[in-house]
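Following: one structure in structure tokens, then a few remarks.
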Amino acid sequence: MRRMLIALMSLLFLVPFTSAQSQESPSTDDVQKYLQVMRAERQLQTMIQIMTKSARQGARQTFLQKMPDATPEQIADVESLAEGLFADVPINDIMLDLIPVYQKHISKADLQALTQFFSSPTGQRFLNEQPKMMQEMGEVSSVRMQQRLGGVMEKFDTKLTEMVEKWKAQGLDKTSSETSKKK
């Protein structure tokens with residue numbers, strides 16, 4: 001999950017993948033200044049919110065396929081479980097992990113030029129529109145993202161199946177309740 005987020009962050013920030021080996025690498029301060037100008041932490045939080053929303057919607061759909069007569073409380077429990085999938089994403093650690101990546105792939109001069117551009121009125125307008133663009137991209141790609149979340153969704157599905165089996169065993173699904181009432 002961490003690697004996926006880092007890859008998305010790199011694409012998000014339009015990192016030019018040119019080798020900086022023959023040129024001076026940017027300092028930690030240079031990279032941190034760039035990430036600050038780019039509002040990287042806020043963008044990462046927005047991305048996590050989009051992923052959480054998508055996971056919640058996917059979880060609800062999957063659950064209702066397994067248990068079509070679920071109660072509102074059960075649906076809320078499943079949605080809560082899905083919301084927890086990204087609750088512990090270590091944003092500060094990810095931000096620190098980005099520094100050596102930028103230092104490896106971008107020269108000091110290129111990073112300074114990017115920082116200067118994104119500090120300009122045009123760059124700031126782009127950054128102001130970027131959250132809306134991310135929202136739209138998230139909506140468009142949510143199906144694809146669900147397919148790629150494989151392992152995470154498998155763990156979720158296992159827990160979801162356990163919850164469904166528990167509720168069915170306890171007679172807490174509507175079908176069991178209605179059958180009990182008829183007897």
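In the structure tokens, the first chain shown is A, the next is B, and so on; residue numbers restart at 1 for each chain, and ligands run from 1 in the order shown.
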What's around region 32-49 of chain A at 8 Å? Count only C-alpha atoms, leave out sequence neighbours fewer than 5 positions away in its own chain, and write the answer as a VMD selection string. chain A and resid 9 13 86 91 95 99 111 to 112 114 to 115 118 to 119 127 131 134
Taking 2 positions as the minimum chain separation for residues in the same chain, which residues sit within 12 Å of Met137 (chain A) when counting only C-alpha atoms? Answer as a PyMOL selection string. chain A and resi 8+12+46-47+50-51+54+130-135+139-145
Go through A:Val152, A:Glu83, A:Ala109, A:Asn128 and flag the residue nearest Ser27 (chain A), using only C-alpha atoms for the distances.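 Using only C-alpha atoms, the shortest distance to Ser27 (chain A) belongs to A:Ala109.
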Nearest candidate to Gln65 (chain A) (options A:Leu160, A:Thr52, A:Asp30, A:Ala87; using only C-alpha atoms):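 Closest candidate: A:Leu160.
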Interatomic distance (Å, one decimal) between CA of Glu79 (chain A) and CA of Ala59 (chain A): 6.5 Å
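You will find CA of Gly58 (chain A) at 24.4 Å from CA of Ala169 (chain A).
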Which of region 50-121 of chain A end up as alpha helix (DSSP H) when DSSP is run on this backbone - answer as a VMD selection string? chain A and resid 50 to 66 72 to 83 91 to 105 108 to 119 121
